[in-house]
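Participant: Structure file query-v3.cif, mmCIF, C-alpha atoms and all ligand atoms, is pasted below:
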data_model
#
loop_
_atom_site.label_atom_id
_atom_site.label_comp_id
_atom_site.auth_asym_id
_atom_site.auth_seq_id
_atom_site.Cartn_x
_atom_site.Cartn_y
_atom_site.Cartn_z
CA MET A 292 119.30 57.61 118.45
CA THR A 293 120.37 60.56 120.54
CA ALA A 294 120.71 59.81 124.25
CA SER A 295 118.40 61.59 126.68
CA VAL A 296 119.53 63.45 129.77
CA PRO A 297 117.38 64.72 132.63
CA ALA A 298 115.59 67.99 131.89
CA PRO A 299 117.07 70.92 133.84
CA ARG A 300 115.14 72.30 136.80
CA TYR A 301 115.41 76.06 137.11
CA GLY A 302 114.85 76.19 140.85
CA VAL A 303 112.63 79.28 140.93
CA PRO A 304 110.31 79.16 143.94
CA ALA A 305 106.72 79.54 142.78
CA GLU A 306 106.12 82.38 145.28
CA THR A 307 108.77 84.54 143.59
CA ALA A 308 108.02 83.63 139.98
CA ALA A 309 105.69 86.51 139.14
CA GLU A 310 107.85 89.13 140.85
CA ARG A 311 111.01 87.87 139.11
CA THR A 312 109.24 87.99 135.79
CA ARG A 313 107.91 91.50 136.45
CA ARG A 314 111.45 92.70 137.15
CA PHE A 315 112.73 91.08 133.98
CA ALA A 316 109.86 92.57 131.99
CA ASP A 317 110.38 96.03 133.56
CA ASP A 318 114.01 95.92 132.48
CA LEU A 319 113.20 94.78 128.93
CA THR A 320 110.39 97.31 128.63
CA ARG A 321 112.92 100.10 129.12
CA ARG A 322 114.79 99.08 125.98
CA ARG A 323 114.51 101.60 123.18
CA THR A 324 115.88 101.43 119.68
CA ILE A 325 118.74 103.91 119.38
CA ARG A 326 119.86 105.55 116.12
CA ASP A 327 122.60 107.89 117.38
CA PHE A 328 125.62 106.10 118.79
CA SER A 329 128.74 107.34 120.53
CA ASP A 330 132.12 105.79 119.74
CA ARG A 331 132.58 104.73 123.38
CA PRO A 332 134.18 101.26 123.32
CA LEU A 333 132.32 98.19 124.49
CA PRO A 334 133.28 96.54 127.78
CA ASP A 335 135.48 93.46 127.28
CA GLY A 336 133.66 90.18 126.89
CA VAL A 337 130.16 91.58 126.48
CA LEU A 338 129.74 90.72 122.82
CA ALA A 339 130.89 87.14 123.28
CA ALA A 340 128.58 86.68 126.27
CA ALA A 341 125.58 88.09 124.41
CA LEU A 342 126.35 86.00 121.33
CA ALA A 343 126.47 82.90 123.54
CA ALA A 344 122.92 83.74 124.63
CA ALA A 345 121.85 84.15 120.99
CA ALA A 346 123.48 80.90 119.90
CA SER A 347 121.63 79.02 122.67
CA ALA A 348 118.24 79.73 121.06
CA PRO A 349 115.93 76.89 120.07
CA SER A 350 115.72 76.22 116.34
CA GLY A 351 113.90 73.98 113.86
CA ALA A 352 115.36 70.45 114.16
CA ASN A 353 118.15 72.05 116.21
CA VAL A 354 119.91 73.02 112.96
CA GLN A 355 120.87 76.44 114.41
CA PRO A 356 120.61 78.17 111.03
CA TRP A 357 122.32 81.40 112.01
CA ARG A 358 125.64 83.13 111.49
CA PHE A 359 126.65 86.25 113.40
CA VAL A 360 129.33 88.38 111.77
CA VAL A 361 130.77 90.90 114.22
CA VAL A 362 132.22 93.90 112.40
CA THR A 363 134.54 96.20 114.35
CA ASP A 364 137.10 97.05 111.63
CA PRO A 365 136.61 100.74 110.74
CA VAL A 366 137.37 100.11 107.07
CA LEU A 367 134.70 97.42 106.84
CA LYS A 368 132.23 99.54 108.78
CA ARG A 369 132.77 102.39 106.33
CA ARG A 370 132.15 100.06 103.40
CA LEU A 371 128.94 98.82 105.05
CA ARG A 372 127.79 102.40 105.54
CA GLU A 373 128.55 103.41 101.96
CA ALA A 374 126.79 100.39 100.48
CA ALA A 375 123.77 100.69 102.81
CA GLU A 376 123.41 104.40 102.09
CA ALA A 377 123.46 103.75 98.34
CA GLU A 378 120.52 101.33 98.71
CA GLU A 379 118.70 103.53 101.18
CA ARG A 380 118.96 106.61 98.95
CA GLU A 381 117.05 104.65 96.33
CA PHE A 382 114.61 103.39 98.94
CA TYR A 383 113.70 106.82 100.27
CA ALA A 384 113.76 108.54 96.85
CA ARG A 385 112.00 105.91 94.74
CA ARG A 386 111.39 102.41 96.05
CA ALA A 387 109.30 103.12 99.15
CA SER A 388 105.60 103.76 98.65
CA ASP A 389 104.05 106.94 100.04
CA GLU A 390 102.19 104.75 102.51
CA TRP A 391 105.48 103.29 103.77
CA LEU A 392 107.16 106.69 104.04
CA THR A 393 104.19 107.99 106.02
CA ALA A 394 104.48 105.05 108.42
CA LEU A 395 108.20 105.79 108.90
CA ALA A 396 107.78 109.54 109.40
CA PRO A 397 107.36 109.37 113.23
CA LEU A 398 110.71 107.56 113.47
CA GLY A 399 112.58 110.37 111.72
CA THR A 400 114.67 108.00 109.61
CA ASP A 401 116.25 108.90 106.28
CA TRP A 402 118.89 107.51 103.90
CA ARG A 403 121.82 108.51 106.09
CA LYS A 404 123.25 105.67 108.18
CA PRO A 405 126.17 107.16 110.16
CA PHE A 406 125.57 104.63 112.94
CA LEU A 407 127.13 101.94 110.76
CA GLU A 408 130.44 103.73 111.29
CA THR A 409 130.06 105.26 114.75
CA ALA A 410 128.79 102.23 116.64
CA PRO A 411 131.86 100.30 117.88
CA ALA A 412 130.38 97.00 116.71
CA VAL A 413 127.95 96.13 113.95
CA ILE A 414 126.56 92.60 114.26
CA VAL A 415 125.34 91.31 110.91
CA VAL A 416 123.01 88.33 111.27
CA PHE A 417 122.63 85.84 108.44
CA GLU A 418 120.14 83.01 107.94
CA VAL A 419 121.99 79.86 106.88
CA HIS A 420 120.16 77.96 104.14
CA LYS A 421 121.12 74.64 102.61
CA GLY A 422 124.53 74.70 101.01
CA PRO A 423 127.48 72.38 100.37
CA ALA A 424 128.45 72.40 104.03
CA SER A 425 125.08 73.03 105.69
CA PRO A 426 122.17 70.66 106.35
CA ARG A 427 118.65 71.60 105.31
CA PRO A 428 117.25 73.94 107.94
CA TYR A 429 113.61 74.22 109.01
CA TYR A 430 111.68 77.29 110.16
CA VAL A 431 114.62 79.53 109.44
CA LYS A 432 112.89 82.89 110.01
CA GLU A 433 111.38 81.73 113.27
CA SER A 434 114.67 80.28 114.50
CA VAL A 435 116.79 83.29 113.61
CA GLY A 436 114.14 85.65 114.98
CA ILE A 437 114.24 83.91 118.36
CA ALA A 438 118.07 84.02 118.39
CA VAL A 439 118.01 87.75 117.63
CA GLY A 440 115.48 88.27 120.42
CA PHE A 441 117.85 86.56 122.84
CA LEU A 442 120.72 88.68 121.49
CA LEU A 443 118.90 92.01 121.88
CA ALA A 444 117.81 91.09 125.41
CA ALA A 445 121.36 90.07 126.38
CA LEU A 446 122.92 93.25 124.96
CA HIS A 447 120.29 95.31 126.76
CA ARG A 448 121.11 93.50 129.98
CA ALA A 449 124.72 94.68 129.51
CA GLY A 450 123.50 98.27 129.28
CA LEU A 451 124.16 98.50 125.56
CA ALA A 452 121.99 100.13 122.95
CA THR A 453 121.05 98.39 119.73
CA LEU A 454 119.31 99.20 116.49
CA THR A 455 117.61 96.59 114.32
CA HIS A 456 118.52 97.90 110.89
CA THR A 457 117.24 96.42 107.65
CA PRO A 458 118.85 97.99 104.61
CA SER A 459 116.92 96.88 101.60
CA PRO A 460 117.98 94.99 99.56
CA MET A 461 120.90 93.68 101.60
CA ARG A 462 122.78 91.19 99.46
CA PHE A 463 125.72 93.64 99.43
CA LEU A 464 126.49 92.29 102.90
CA ASN A 465 127.58 88.93 101.43
CA GLU A 466 130.11 90.61 99.21
CA ILE A 467 131.58 92.99 101.77
CA LEU A 468 131.72 90.37 104.53
CA ASP A 469 132.79 87.55 102.22
CA ARG A 470 129.95 85.20 103.12
CA PRO A 471 128.75 82.34 100.87
CA ALA A 472 125.48 82.50 98.93
CA GLU A 473 123.69 80.06 101.28
CA GLU A 474 123.96 82.72 103.99
CA ARG A 475 121.21 85.30 103.51
CA PRO A 476 121.31 88.61 105.36
CA TYR A 477 118.62 88.84 108.03
CA LEU A 478 119.35 91.91 110.13
CA VAL A 479 122.09 94.45 110.86
CA ILE A 480 122.53 95.36 114.55
CA PRO A 481 124.70 98.38 115.37
CA THR A 482 125.65 97.99 119.04
CA GLY A 483 127.16 100.48 121.47
CA TYR A 484 126.28 103.35 123.77
CA PRO A 485 123.91 106.15 122.79
CA ALA A 486 125.45 109.48 121.77
CA PRO A 487 125.24 111.98 124.67
CA ASP A 488 122.55 113.97 122.83
CA ALA A 489 120.65 110.95 121.47
CA THR A 490 116.87 111.19 121.52
CA VAL A 491 114.17 108.66 120.72
CA PRO A 492 110.74 109.29 119.20
CA ASP A 493 107.97 109.41 121.77
CA VAL A 494 106.21 106.32 120.48
CA ARG A 495 104.53 103.84 122.82
CA ARG A 496 103.72 100.16 122.81
CA LYS A 497 100.10 99.13 122.64
CA PRO A 498 98.48 98.32 125.98
CA LEU A 499 98.55 94.63 126.82
CA GLU A 500 94.75 94.40 126.64
CA GLU A 501 95.01 95.19 122.96
CA VAL A 502 97.53 92.52 122.08
CA VAL A 503 96.69 89.69 124.47
CA VAL A 504 93.56 87.55 124.33
CA TRP A 505 92.78 85.31 127.29
CA ARG A 506 90.44 82.38 126.67
N1 LIG B 1 115.39 100.30 105.80
C1 LIG B 1 115.06 101.70 105.94
C2 LIG B 1 113.63 101.95 106.19
C3 LIG B 1 113.01 101.52 107.44
C4 LIG B 1 111.98 100.60 107.40
C5 LIG B 1 111.32 100.22 108.53
I1 LIG B 1 109.73 98.99 108.39
C6 LIG B 1 111.70 100.76 109.79
O1 LIG B 1 111.03 100.39 110.95
C7 LIG B 1 112.73 101.70 109.85
C8 LIG B 1 113.39 102.04 108.66
C9 LIG B 1 115.99 102.37 106.98
O2 LIG B 1 116.73 101.67 107.64
O3 LIG B 1 115.96 103.58 107.10
#
What's the structure tokens form of this structure?
Ligand code: IYR
Facilitator:
Amino acid sequence: MTASVPAPRYGVPAETAAERTRRFADDLTRRRTIRDFSDRPLPDGVLAAALAAAASAPSGANVQPWRFVVVTDPVLKRRLREAAEAEEREFYARRASDEWLTALAPLGTDWRKPFLETAPAVIVVFEVHKGPASPRPYYVKESVGIAVGFLLAALHRAGLATLTHTPSPMRFLNEILDRPAEERPYLVIPTGYPAPDATVPDVRRKPLEEVVVWR
């Protein structure tokens, strides 16, 4: 039996709760996915602090089925770029359906992935499945998704830009980063500052009324 300890109290006065949350939401709402990064270095300590937020996420049976590989070595970043671009060339030329390519058109993406080299850090997130040294995890996608949400929010809070990149397929990440087979690539997150001339597509989120149902 695991011992119990008192639940934490967060000490937010009820009168300020909505306003605090609006401020937090206003800040998060300003986050945009960035695809053009500068090589400006990251402030010391930011990655470790943001990863601590990610690693604090709730998970199925508290198994914490995630691994975050932080790539800053230029040689490794180049290898990631080369391997991702090889897969993405195939994706854009052959594997993607016309329907998929039409959906992507407003984003202006193509097979080129220079951000894997220019961003000062590339965080590669793996799901950890059962292996010789890992217990059986539960709700892996949900758990890792929540951890990544925490991570993106924390990096945004530090003023950093991120991209949630999903090369497909992405098993090449195991080989380049020397990770065991029970670790399955989940997401690649280039992290840094936007290039001075970076732009974002003028796409909007749906209005709340469309995505929230009150009963
Ligand atoms: N993996 C490709 C394609 C791509 C797919 C989706 I869904 C996106 O939202 C964006 C891109 C790429 O990275 O270009």
Participant: Name each residue within 10 Å of ligand LIG 1 (chain B), counting all atoms listed in the file, as an mmCIF file with C-alpha atoms, in the frame of the given file.
Facilitator:
data_model
loop_
_atom_site.group_PDB
_atom_site.id
_atom_site.type_symbol
_atom_site.label_atom_id
_atom_site.label_comp_id
_atom_site.auth_asym_id
_atom_site.auth_seq_id
_atom_site.Cartn_x
_atom_site.Cartn_y
_atom_site.Cartn_z
ATOM 1 C CA ARG A 326 119.860 105.550 116.120
ATOM 2 C CA ALA A 375 123.770 100.690 102.810
ATOM 3 C CA GLU A 376 123.410 104.400 102.090
ATOM 4 C CA GLU A 378 120.520 101.330 98.710
ATOM 5 C CA GLU A 379 118.700 103.530 101.180
ATOM 6 C CA ARG A 380 118.960 106.610 98.950
ATOM 7 C CA PHE A 382 114.610 103.390 98.940
ATOM 8 C CA TYR A 383 113.700 106.820 100.270
ATOM 9 C CA ALA A 387 109.300 103.120 99.150
ATOM 10 C CA TRP A 391 105.480 103.290 103.770
ATOM 11 C CA LEU A 392 107.160 106.690 104.040
ATOM 12 C CA ALA A 394 104.480 105.050 108.420
ATOM 13 C CA LEU A 395 108.200 105.790 108.900
ATOM 14 C CA ALA A 396 107.780 109.540 109.400
ATOM 15 C CA PRO A 397 107.360 109.370 113.230
ATOM 16 C CA LEU A 398 110.710 107.560 113.470
ATOM 17 C CA GLY A 399 112.580 110.370 111.720
ATOM 18 C CA THR A 400 114.670 108.000 109.610
ATOM 19 C CA ASP A 401 116.250 108.900 106.280
ATOM 20 C CA TRP A 402 118.890 107.510 103.900
ATOM 21 C CA ARG A 403 121.820 108.510 106.090
ATOM 22 C CA LYS A 404 123.250 105.670 108.180
ATOM 23 C CA LEU A 454 119.310 99.200 116.490
ATOM 24 C CA THR A 455 117.610 96.590 114.320
ATOM 25 C CA HIS A 456 118.520 97.900 110.890
ATOM 26 C CA THR A 457 117.240 96.420 107.650
ATOM 27 C CA PRO A 458 118.850 97.990 104.610
ATOM 28 C CA SER A 459 116.920 96.880 101.600
ATOM 29 C CA PRO A 460 117.980 94.990 99.560
ATOM 30 C CA MET A 461 120.900 93.680 101.600
ATOM 31 C CA VAL A 479 122.090 94.450 110.860
#
Participant: Calculate how many Å separate atom CA of Pro349 of chain A from atom CA of Arg427 of chain A, rounding to one decimal.
Facilitator: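 Atom-to-atom, atom CA of Pro349 of chain A to atom CA of Arg427 of chain A, that is 15.9 Å.
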Participant: Enter the distance from atom CA of Gly336 of chain A to atom CA of Trp357 of chain A, in Å, rounded to one decimal.
Facilitator: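 Computed distance, atom CA of Gly336 of chain A to atom CA of Trp357 of chain A, equals 20.7 Å.
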Participant: So, with all atoms listed in the file as the atoms that count, which of A:Ala305, A:Ala410, A:Ala377, A:Val503 lies closest to Thr363 of chain A?
Facilitator: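 Going through A:Ala305, A:Ala410, A:Ala377, A:Val503 one by one, the smallest distance to Thr363 of chain A is for A:Ala410.
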Participant: My list of candidates is A:Ser388, A:Thr393, A:Ser434, A:Thr320. Which is closest to Tyr477 of chain A when distances are computed with all atoms listed in the file?
Facilitator: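 Closest to Tyr477 of chain A, using all atoms listed in the file: A:Ser434.
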Participant: Would you pick out the contacts of Ile467 of chain A at 9 Å or less, using all atoms listed in the file, so that residues sharing its chain but fewer than 4 positions from it are not included, and give the list as a PyMOL selection string?
Facilitator: chain A and resi 367+370-371+374+463
Participant: By how many Å are atom CA of Tyr430 of chain A and atom CA of Glu473 of chain A apart?
Facilitator: 15.2 Å
Participant: Once you count only C-alpha atoms, which residues end up no further than 10 Å from (118.4, 85.4, 112.8) in the file's frame, shown as a ChimeraX atom specification?
Facilitator: /A:345-346,355-359,415-419,431-440,442,475-479
Participant: For the residues selected in the previous step, produce a file with C-alpha atoms as a JSON list (two decimals), keeping the file's coordinate frame.
Facilitator:
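Saved the output as result_22.json:
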[["chain", "number", "residue", "atom", "x", "y", "z"],
["A", 345, "ALA", "CA", 121.85, 84.15, 120.99],
["A", 346, "ALA", "CA", 123.48, 80.90, 119.90],
["A", 355, "GLN", "CA", 120.87, 76.44, 114.41],
["A", 356, "PRO", "CA", 120.61, 78.17, 111.03],
["A", 357, "TRP", "CA", 122.32, 81.40, 112.01],
["A", 358, "ARG", "CA", 125.64, 83.13, 111.49],
["A", 359, "PHE", "CA", 126.65, 86.25, 113.40],
["A", 415, "VAL", "CA", 125.34, 91.31, 110.91],
["A", 416, "VAL", "CA", 123.01, 88.33, 111.27],
["A", 417, "PHE", "CA", 122.63, 85.84, 108.44],
["A", 418, "GLU", "CA", 120.14, 83.01, 107.94],
["A", 419, "VAL", "CA", 121.99, 79.86, 106.88],
["A", 431, "VAL", "CA", 114.62, 79.53, 109.44],
["A", 432, "LYS", "CA", 112.89, 82.89, 110.01],
["A", 433, "GLU", "CA", 111.38, 81.73, 113.27],
["A", 434, "SER", "CA", 114.67, 80.28, 114.50],
["A", 435, "VAL", "CA", 116.79, 83.29, 113.61],
["A", 436, "GLY", "CA", 114.14, 85.65, 114.98],
["A", 437, "ILE", "CA", 114.24, 83.91, 118.36],
["A", 438, "ALA", "CA", 118.07, 84.02, 118.39],
["A", 439, "VAL", "CA", 118.01, 87.75, 117.63],
["A", 440, "GLY", "CA", 115.48, 88.27, 120.42],
["A", 442, "LEU", "CA", 120.72, 88.68, 121.49],
["A", 475, "ARG", "CA", 121.21, 85.30, 103.51],
["A", 476, "PRO", "CA", 121.31, 88.61, 105.36],
["A", 477, "TYR", "CA", 118.62, 88.84, 108.03],
["A", 478, "LEU", "CA", 119.35, 91.91, 110.13],
["A", 479, "VAL", "CA", 122.09, 94.45, 110.86]]
Participant: Would you please work out which residue, of A:Trp505, A:Phe441, A:Tyr484, A:Tyr429, is nearest to Ala412 of chain A when using only C-alpha atoms?
Facilitator: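 Closest to Ala412 of chain A, using only C-alpha atoms: A:Tyr484.
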Participant: Taking only C-alpha atoms into account, which of A:Val502, A:Ala445, A:Val362, A:Leu468 comes nearest Ala344 of chain A?
Facilitator: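 Nearest candidate to Ala344 of chain A out of A:Val502, A:Ala445, A:Val362, A:Leu468: A:Ala445.
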Participant: List the neighbours of Ala486 of chain A out to 6 Å using all atoms listed in the file; skip same-chain residues closer than 2 positions along the sequence, and give me the result as a tab-separated table (two decimals) with C-alpha atoms, in the coordinates of the input.
Facilitator:
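Result saved to part.tsv:
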chain	number	residue	atom	x	y	z
A	327	ASP	CA	122.60	107.89	117.38
A	328	PHE	CA	125.62	106.10	118.79
A	329	SER	CA	128.74	107.34	120.53
A	488	ASP	CA	122.55	113.97	122.83
A	489	ALA	CA	120.65	110.95	121.47
Participant: Can you work out which one of A:Thr409, A:Thr324, A:Asn353, A:Ser347 has the shortest atom-to-atom distance to Leu451 of chain A, counting all atoms listed in the file?
Facilitator: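 Closest residue, counting all atoms listed in the file: A:Thr324.
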